[in-house]
>>> print(open('my_file_28.pdb').read())   # PDB, C-alpha atoms, pLDDT in the B column
ATOM      1  CA  MET C 372      -1.300 -19.352  29.980  1.00 58.00           C
ATOM      2  CA  THR C 373       2.377 -18.538  29.497  1.00 72.00           C
ATOM      3  CA  SER C 374       3.377 -14.972  30.204  1.00 86.00           C
ATOM      4  CA  MET C 375       5.817 -13.052  28.025  1.00 85.00           C
ATOM      5  CA  PRO C 376       7.414  -9.725  28.976  1.00 85.00           C
ATOM      6  CA  VAL C 377       6.479  -6.810  26.735  1.00 82.00           C
ATOM      7  CA  SER C 378      10.177  -6.188  26.054  1.00 80.00           C
ATOM      8  CA  GLU C 379      10.391  -9.578  24.301  1.00 84.00           C
ATOM      9  CA  ARG C 380       7.346  -9.076  22.077  1.00 87.00           C
ATOM     10  CA  LEU C 381       8.277  -8.310  18.474  1.00 92.00           C
ATOM     11  CA  GLY C 382       4.758  -7.224  17.552  1.00 91.00           C
ATOM     12  CA  SER C 383       5.171  -4.008  19.480  1.00 89.00           C
ATOM     13  CA  SER C 384       8.330  -3.016  17.587  1.00 91.00           C
ATOM     14  CA  ILE C 385       6.839  -3.948  14.227  1.00 93.00           C
ATOM     15  CA  LYS C 386       3.701  -1.908  14.993  1.00 93.00           C
ATOM     16  CA  ARG C 387       5.746   1.124  16.098  1.00 93.00           C
ATOM     17  CA  ALA C 388       7.776   1.009  12.868  1.00 95.00           C
ATOM     18  CA  GLU C 389       4.606   0.723  10.785  1.00 94.00           C
ATOM     19  CA  GLN C 390       2.993   3.639  12.638  1.00 96.00           C
ATOM     20  CA  ALA C 391       6.103   5.793  12.230  1.00 97.00           C
ATOM     21  CA  LEU C 392       6.251   5.086   8.489  1.00 96.00           C
ATOM     22  CA  ASN C 393       2.526   5.734   8.113  1.00 95.00           C
ATOM     23  CA  GLY C 394       2.858   9.013  10.022  1.00 97.00           C
ATOM     24  CA  ALA C 395       5.765  10.192   7.889  1.00 97.00           C
ATOM     25  CA  LYS C 396       3.941   9.310   4.676  1.00 96.00           C
ATOM     26  CA  THR C 397       0.698  10.894   5.907  1.00 96.00           C
ATOM     27  CA  ALA C 398       2.546  14.173   6.483  1.00 97.00           C
ATOM     28  CA  ALA C 399       4.312  13.930   3.119  1.00 96.00           C
ATOM     29  CA  LEU C 400       1.085  13.219   1.213  1.00 97.00           C
ATOM     30  CA  LYS C 401      -1.091  15.852   2.876  1.00 95.00           C
ATOM     31  CA  PRO C 402      -0.216  18.629   0.371  1.00 94.00           C
ATOM     32  CA  ALA C 403      -1.316  16.322  -2.476  1.00 93.00           C
ATOM     33  CA  GLY C 404      -4.640  15.779  -0.703  1.00 94.00           C
ATOM     34  CA  LEU C 405      -4.136  12.018  -0.492  1.00 96.00           C
ATOM     35  CA  THR C 406      -4.284   9.486   2.296  1.00 95.00           C
ATOM     36  CA  VAL C 407      -1.722   6.677   2.437  1.00 95.00           C
ATOM     37  CA  PRO C 408      -4.296   4.093   1.211  1.00 94.00           C
ATOM     38  CA  GLN C 409      -5.321   6.390  -1.674  1.00 96.00           C
ATOM     39  CA  TYR C 410      -1.687   6.907  -2.623  1.00 96.00           C
ATOM     40  CA  ALA C 411      -1.033   3.149  -2.534  1.00 96.00           C
ATOM     41  CA  ALA C 412      -4.090   2.527  -4.724  1.00 97.00           C
ATOM     42  CA  LEU C 413      -2.951   5.137  -7.250  1.00 97.00           C
ATOM     43  CA  LEU C 414       0.606   3.769  -7.319  1.00 96.00           C
ATOM     44  CA  HIS C 415      -0.519   0.190  -7.944  1.00 96.00           C
ATOM     45  CA  SER C 416      -3.078   1.354 -10.518  1.00 96.00           C
ATOM     46  CA  ALA C 417      -0.377   3.316 -12.346  1.00 95.00           C
ATOM     47  CA  GLU C 418       1.869   0.259 -12.391  1.00 95.00           C
ATOM     48  CA  ARG C 419      -0.906  -2.123 -13.494  1.00 94.00           C
ATOM     49  CA  PRO C 420      -3.473  -0.273 -15.642  1.00 93.00           C
ATOM     50  CA  GLY C 421      -6.742  -2.196 -15.760  1.00 92.00           C
ATOM     51  CA  ILE C 422      -6.243  -3.826 -12.347  1.00 94.00           C
ATOM     52  CA  SER C 423      -9.430  -4.971 -10.609  1.00 92.00           C
ATOM     53  CA  ALA C 424     -10.549  -3.718  -7.208  1.00 92.00           C
ATOM     54  CA  ALA C 425     -10.007  -7.177  -5.690  1.00 92.00           C
ATOM     55  CA  ALA C 426      -6.437  -7.405  -7.001  1.00 94.00           C
ATOM     56  CA  LEU C 427      -5.790  -3.830  -5.882  1.00 95.00           C
ATOM     57  CA  ALA C 428      -7.072  -4.618  -2.369  1.00 95.00           C
ATOM     58  CA  ARG C 429      -4.660  -7.576  -2.163  1.00 93.00           C
ATOM     59  CA  ALA C 430      -1.750  -5.485  -3.476  1.00 94.00           C
ATOM     60  CA  CYS C 431      -2.434  -2.733  -0.927  1.00 93.00           C
ATOM     61  CA  GLY C 432      -3.104  -5.086   1.985  1.00 90.00           C
ATOM     62  CA  VAL C 433      -6.632  -3.884   2.701  1.00 92.00           C
ATOM     63  CA  THR C 434     -10.042  -5.528   2.631  1.00 93.00           C
ATOM     64  CA  PRO C 435     -12.204  -5.302  -0.519  1.00 92.00           C
ATOM     65  CA  PRO C 436     -14.792  -3.080   1.240  1.00 94.00           C
ATOM     66  CA  THR C 437     -12.025  -0.695   2.338  1.00 94.00           C
ATOM     67  CA  MET C 438     -10.653  -0.602  -1.210  1.00 95.00           C
ATOM     68  CA  ASN C 439     -14.114   0.109  -2.607  1.00 94.00           C
ATOM     69  CA  THR C 440     -14.349   3.161  -0.320  1.00 95.00           C
ATOM     70  CA  VAL C 441     -10.887   4.325  -1.398  1.00 96.00           C
ATOM     71  CA  LEU C 442     -11.785   3.865  -5.073  1.00 96.00           C
ATOM     72  CA  LYS C 443     -15.122   5.662  -4.686  1.00 96.00           C
ATOM     73  CA  ASN C 444     -13.289   8.689  -3.252  1.00 96.00           C
ATOM     74  CA  LEU C 445     -10.638   8.626  -5.992  1.00 97.00           C
ATOM     75  CA  GLN C 446     -13.300   8.322  -8.680  1.00 96.00           C
ATOM     76  CA  GLU C 447     -15.312  11.220  -7.209  1.00 96.00           C
ATOM     77  CA  ARG C 448     -12.153  13.359  -7.383  1.00 96.00           C
ATOM     78  CA  GLY C 449     -11.691  12.421 -11.041  1.00 97.00           C
ATOM     79  CA  LEU C 450      -8.389  10.635 -10.404  1.00 97.00           C
ATOM     80  CA  ILE C 451      -9.446   7.207 -11.709  1.00 97.00           C
ATOM     81  CA  THR C 452     -11.952   5.656 -14.059  1.00 95.00           C
ATOM     82  CA  ARG C 453     -13.622   2.281 -13.563  1.00 92.00           C
ATOM     83  CA  THR C 454     -14.840   0.616 -16.739  1.00 88.00           C
ATOM     84  CA  PRO C 455     -16.187  -2.902 -17.389  1.00 82.00           C
ATOM     85  CA  HIS C 456     -13.612  -5.472 -18.508  1.00 72.00           C
ATOM     86  CA  GLU C 457     -13.868  -6.413 -22.197  1.00 73.00           C
ATOM     87  CA  TRP C 458     -14.780 -10.057 -21.474  1.00 72.00           C
ATOM     88  CA  HIS C 459     -15.758 -10.091 -17.797  1.00 68.00           C
ATOM     89  CA  LYS C 460     -18.418  -7.387 -17.625  1.00 65.00           C
ATOM     90  CA  ASN C 461     -18.823  -7.736 -13.835  1.00 73.00           C
ATOM     91  CA  VAL C 462     -15.137  -6.854 -13.321  1.00 76.00           C
ATOM     92  CA  LEU C 463     -14.331  -3.142 -13.381  1.00 86.00           C
ATOM     93  CA  GLU C 464     -10.897  -2.138 -14.659  1.00 91.00           C
ATOM     94  CA  ILE C 465      -9.239   0.742 -12.849  1.00 95.00           C
ATOM     95  CA  ARG C 466      -7.166   3.290 -14.733  1.00 95.00           C
ATOM     96  CA  LEU C 467      -5.708   6.645 -13.773  1.00 97.00           C
ATOM     97  CA  THR C 468      -7.019   9.768 -15.460  1.00 97.00           C
ATOM     98  CA  ASP C 469      -4.628  12.501 -16.593  1.00 97.00           C
ATOM     99  CA  GLU C 470      -5.376  14.313 -13.335  1.00 96.00           C
ATOM    100  CA  GLY C 471      -4.747  11.090 -11.414  1.00 97.00           C
ATOM    101  CA  ARG C 472      -1.330  10.725 -13.044  1.00 96.00           C
ATOM    102  CA  ALA C 473      -0.512  14.344 -12.147  1.00 96.00           C
ATOM    103  CA  VAL C 474      -1.604  13.888  -8.520  1.00 96.00           C
ATOM    104  CA  VAL C 475       0.330  10.632  -8.098  1.00 95.00           C
ATOM    105  CA  ALA C 476       3.439  12.303  -9.563  1.00 95.00           C
ATOM    106  CA  GLN C 477       3.074  15.204  -7.096  1.00 95.00           C
ATOM    107  CA  ALA C 478       2.529  12.780  -4.195  1.00 96.00           C
ATOM    108  CA  ASP C 479       5.398  10.546  -5.283  1.00 94.00           C
ATOM    109  CA  ALA C 480       7.767  13.517  -5.318  1.00 96.00           C
ATOM    110  CA  ARG C 481       7.008  13.918  -1.600  1.00 95.00           C
ATOM    111  CA  ALA C 482       6.758  10.231  -0.586  1.00 96.00           C
ATOM    112  CA  VAL C 483       9.875   8.915  -2.337  1.00 96.00           C
ATOM    113  CA  PRO C 484      12.211  10.977  -0.112  1.00 96.00           C
ATOM    114  CA  VAL C 485      10.633   9.288   2.936  1.00 96.00           C
ATOM    115  CA  GLU C 486      11.383   5.863   1.422  1.00 95.00           C
ATOM    116  CA  ARG C 487      14.905   6.961   0.417  1.00 96.00           C
ATOM    117  CA  ALA C 488      15.647   8.302   3.912  1.00 96.00           C
ATOM    118  CA  LEU C 489      14.472   5.042   5.436  1.00 96.00           C
ATOM    119  CA  ALA C 490      16.544   2.974   2.997  1.00 96.00           C
ATOM    120  CA  ALA C 491      19.601   5.169   3.653  1.00 97.00           C
ATOM    121  CA  GLU C 492      19.553   4.153   7.334  1.00 96.00           C
ATOM    122  CA  PHE C 493      20.731   0.680   6.296  1.00 97.00           C
ATOM    123  CA  THR C 494      23.554  -0.790   4.264  1.00 97.00           C
ATOM    124  CA  ASP C 495      22.557  -2.795   1.181  1.00 96.00           C
ATOM    125  CA  GLU C 496      23.157  -5.983   3.158  1.00 97.00           C
ATOM    126  CA  GLU C 497      21.094  -4.752   6.124  1.00 97.00           C
ATOM    127  CA  ARG C 498      18.222  -3.757   3.817  1.00 96.00           C
ATOM    128  CA  ALA C 499      18.226  -7.189   2.182  1.00 97.00           C
ATOM    129  CA  THR C 500      18.312  -8.836   5.611  1.00 97.00           C
ATOM    130  CA  LEU C 501      15.477  -6.644   6.893  1.00 96.00           C
ATOM    131  CA  VAL C 502      13.309  -7.486   3.880  1.00 96.00           C
ATOM    132  CA  ASP C 503      14.051 -11.187   4.352  1.00 97.00           C
ATOM    133  CA  LEU C 504      13.245 -11.018   8.063  1.00 96.00           C
ATOM    134  CA  LEU C 505       9.982  -9.177   7.465  1.00 95.00           C
ATOM    135  CA  ASP C 506       9.035 -11.679   4.744  1.00 95.00           C
ATOM    136  CA  ARG C 507       9.654 -14.476   7.240  1.00 96.00           C
ATOM    137  CA  CYS C 508       7.371 -12.703   9.723  1.00 94.00           C
ATOM    138  CA  VAL C 509       4.613 -12.474   7.118  1.00 91.00           C
ATOM    139  CA  THR C 510       4.964 -16.124   6.107  1.00 94.00           C
ATOM    140  CA  LEU C 511       4.886 -17.360   9.695  1.00 94.00           C
ATOM    141  CA  LEU C 512       1.989 -15.111  10.728  1.00 92.00           C
ATOM    142  CA  ASP C 513      -0.045 -16.059   7.638  1.00 89.00           C
ATOM    143  CA  SER C 514       0.423 -19.731   8.528  1.00 92.00           C
ATOM    144  CA  VAL C 515      -0.609 -19.086  12.156  1.00 91.00           C
ATOM    145  CA  ARG C 516      -3.729 -17.259  10.966  1.00 85.00           C
ATOM    146  CA  ALA C 517      -4.599 -20.050   8.525  1.00 85.00           C
ATOM    147  CA  GLY C 518      -4.515 -22.468  11.436  1.00 80.00           C
TER     148      GLY C 518
END
>>> encode(input="my_file_28.pdb", output="structure tokens")
Amino acid sequence: MTSMPVSERLGSSIKRAEQALNGAKTAALKPAGLTVPQYAALLHSAERPGISAAALARACGVTPPTMNTVLKNLQERGLITRTPHEWHKNVLEIRLTDEGRAVVAQADARAVPVERALAAEFTDEERATLVDLLDRCVTLLDSVRAG
């Protein structure tokens, strides 16, 4: 087994950045009564009315069972509806209710400044480079996972 010093491991830095972003968004979303996964689900549902739970899970980067729990909680709060697709009756389409749109607007007003502050730390060129570098990480790690 080849050893690698912790200081050279990128995973640690990536994880710390993800945790810091998640913590900042968690604090920002608390007054709206939403978790980060709930907020992500509402945002993607607002952007793509009628999205399925499976597509929403992929868009949010969570497993289908996790998404089903998120959706159950959102539905119980009256923030979304889930209705059978017109042709594929076993597929439920997710749509925001009026209350869901109001809650996502309230949450977005608090979360967007977090994203803007993060973006403001970088020049346009640095942001583009960071996105490219992170995309490369995802591509490589997906290929490693696939074997």
>>> residues_around(input="my_file_28.pdb", residues="Leu505 (chain C)", least_positions_apart="2", cutoff="12 Å", atoms="all atoms listed in the file", output="PyMOL selection string")
chain C and resi 381-382+384-385+388-389+498-503+507-512
>>> atom_distance(input="my_file_28.pdb", atom1="CA of Ala478 (chain C)", atom2="CA of Asp495 (chain C)")
25.9 Å
>>> resolve_selection(input="my_file_28.pdb", expression="the PyMOL selection byres ((chain C and resi 451-461) around 10)", output="count of residues only")
28
>>> closest_residue(input="my_file_28.pdb", among="C:Leu489, C:Met375, C:Leu400, C:Ala411", to="Val441 (chain C)", atoms="all atoms listed in the file")
C:Ala411
>>> closest_residue(input="my_file_28.pdb", among="C:Met438, C:Leu504, C:Val485, C:Leu427", to="Leu414 (chain C)", atoms="all atoms listed in the file")
C:Leu427
>>> atom_distance(input="my_file_28.pdb", atom1="CA of Ala473 (chain C)", atom2="CA of Val433 (chain C)")
24.3 Å
>>> closest_residue(input="my_file_28.pdb", among="C:Ser374, C:Asn439, C:Gln409, C:Ser383", to="Ala425 (chain C)", atoms="all atoms listed in the file")
C:Asn439
>>> atom_distance(input="my_file_28.pdb", atom1="CA of Arg387 (chain C)", atom2="CA of Ala482 (chain C)")
19.0 Å
>>> closest_residue(input="my_file_28.pdb", among="C:Val474, C:Val483, C:Asp513, C:Phe493", to="Ala403 (chain C)", atoms="all atoms listed in the file")
C:Val474
>>> decode(input="my_file_28.pdb", residues="region 498-518 of chain C", atoms="N, CA, C and O atoms", output="mmCIF file, in the first residue's frame")
data_model
loop_
_atom_site.group_PDB
_atom_site.id
_atom_site.type_symbol
_atom_site.label_atom_id
_atom_site.label_comp_id
_atom_site.auth_asym_id
_atom_site.auth_seq_id
_atom_site.Cartn_x
_atom_site.Cartn_y
_atom_site.Cartn_z
ATOM 1 N N ARG C 498 -13.667 31.789 -11.310
ATOM 2 C CA ARG C 498 -14.912 31.015 -11.160
ATOM 3 C C ARG C 498 -15.024 29.982 -12.256
ATOM 4 O O ARG C 498 -15.345 28.812 -12.000
ATOM 5 N N ALA C 499 -14.770 30.389 -13.494
ATOM 6 C CA ALA C 499 -14.848 29.454 -14.625
ATOM 7 C C ALA C 499 -13.835 28.320 -14.449
ATOM 8 O O ALA C 499 -14.148 27.154 -14.700
ATOM 9 N N THR C 500 -12.638 28.670 -14.000
ATOM 10 C CA THR C 500 -11.607 27.654 -13.770
ATOM 11 C C THR C 500 -12.026 26.706 -12.654
ATOM 12 O O THR C 500 -11.877 25.485 -12.782
ATOM 13 N N LEU C 501 -12.566 27.253 -11.570
ATOM 14 C CA LEU C 501 -13.007 26.410 -10.456
ATOM 15 C C LEU C 501 -14.093 25.435 -10.899
ATOM 16 O O LEU C 501 -14.034 24.243 -10.582
ATOM 17 N N VAL C 502 -15.068 25.926 -11.644
ATOM 18 C CA VAL C 502 -16.130 25.051 -12.154
ATOM 19 C C VAL C 502 -15.542 23.960 -13.043
ATOM 20 O O VAL C 502 -15.893 22.781 -12.917
ATOM 21 N N ASP C 503 -14.633 24.336 -13.924
ATOM 22 C CA ASP C 503 -13.984 23.343 -14.788
ATOM 23 C C ASP C 503 -13.215 22.307 -13.973
ATOM 24 O O ASP C 503 -13.283 21.108 -14.262
ATOM 25 N N LEU C 504 -12.479 22.762 -12.981
ATOM 26 C CA LEU C 504 -11.697 21.839 -12.150
ATOM 27 C C LEU C 504 -12.601 20.887 -11.375
ATOM 28 O O LEU C 504 -12.328 19.684 -11.286
ATOM 29 N N LEU C 505 -13.680 21.418 -10.819
ATOM 30 C CA LEU C 505 -14.609 20.559 -10.083
ATOM 31 C C LEU C 505 -15.299 19.567 -11.018
ATOM 32 O O LEU C 505 -15.497 18.401 -10.655
ATOM 33 N N ASP C 506 -15.647 20.008 -12.227
ATOM 34 C CA ASP C 506 -16.227 19.096 -13.214
ATOM 35 C C ASP C 506 -15.261 17.968 -13.548
ATOM 36 O O ASP C 506 -15.664 16.812 -13.698
ATOM 37 N N ARG C 507 -13.985 18.305 -13.670
ATOM 38 C CA ARG C 507 -12.966 17.283 -13.930
ATOM 39 C C ARG C 507 -12.887 16.295 -12.774
ATOM 40 O O ARG C 507 -12.736 15.089 -12.988
ATOM 41 N N CYS C 508 -12.993 16.793 -11.552
ATOM 42 C CA CYS C 508 -13.006 15.902 -10.379
ATOM 43 C C CYS C 508 -14.172 14.924 -10.467
ATOM 44 O O CYS C 508 -14.000 13.722 -10.278
ATOM 45 N N VAL C 509 -15.347 15.442 -10.769
ATOM 46 C CA VAL C 509 -16.545 14.604 -10.859
ATOM 47 C C VAL C 509 -16.383 13.545 -11.944
ATOM 48 O O VAL C 509 -16.664 12.364 -11.728
ATOM 49 N N THR C 510 -15.920 13.956 -13.120
ATOM 50 C CA THR C 510 -15.743 13.018 -14.222
ATOM 51 C C THR C 510 -14.775 11.907 -13.860
ATOM 52 O O THR C 510 -15.062 10.724 -14.065
ATOM 53 N N LEU C 511 -13.635 12.294 -13.292
ATOM 54 C CA LEU C 511 -12.627 11.288 -12.917
ATOM 55 C C LEU C 511 -13.177 10.355 -11.840
ATOM 56 O O LEU C 511 -13.067 9.131 -11.947
ATOM 57 N N LEU C 512 -13.792 10.918 -10.793
ATOM 58 C CA LEU C 512 -14.268 10.096 -9.692
ATOM 59 C C LEU C 512 -15.430 9.193 -10.114
ATOM 60 O O LEU C 512 -15.526 8.060 -9.643
ATOM 61 N N ASP C 513 -16.279 9.669 -11.021
ATOM 62 C CA ASP C 513 -17.337 8.799 -11.558
ATOM 63 C C ASP C 513 -16.738 7.629 -12.314
ATOM 64 O O ASP C 513 -17.227 6.499 -12.225
ATOM 65 N N SER C 514 -15.665 7.872 -13.065
ATOM 66 C CA SER C 514 -15.036 6.786 -13.826
ATOM 67 C C SER C 514 -14.341 5.795 -12.892
ATOM 68 O O SER C 514 -14.354 4.592 -13.128
ATOM 69 N N VAL C 515 -13.743 6.286 -11.808
ATOM 70 C CA VAL C 515 -13.113 5.407 -10.819
ATOM 71 C C VAL C 515 -14.178 4.528 -10.163
ATOM 72 O O VAL C 515 -13.985 3.321 -9.995
ATOM 73 N N ARG C 516 -15.299 5.137 -9.811
ATOM 74 C CA ARG C 516 -16.387 4.386 -9.168
ATOM 75 C C ARG C 516 -16.952 3.334 -10.092
ATOM 76 O O ARG C 516 -17.253 2.218 -9.687
ATOM 77 N N ALA C 517 -17.084 3.681 -11.386
ATOM 78 C CA ALA C 517 -17.645 2.740 -12.364
ATOM 79 C C ALA C 517 -16.710 1.570 -12.632
ATOM 80 O O ALA C 517 -17.130 0.547 -13.163
ATOM 81 N N GLY C 518 -15.439 1.741 -12.255
ATOM 82 C CA GLY C 518 -14.504 0.626 -12.376
ATOM 83 C C GLY C 518 -13.679 0.728 -13.597
ATOM 84 O O GLY C 518 -13.107 -0.081 -14.181
#
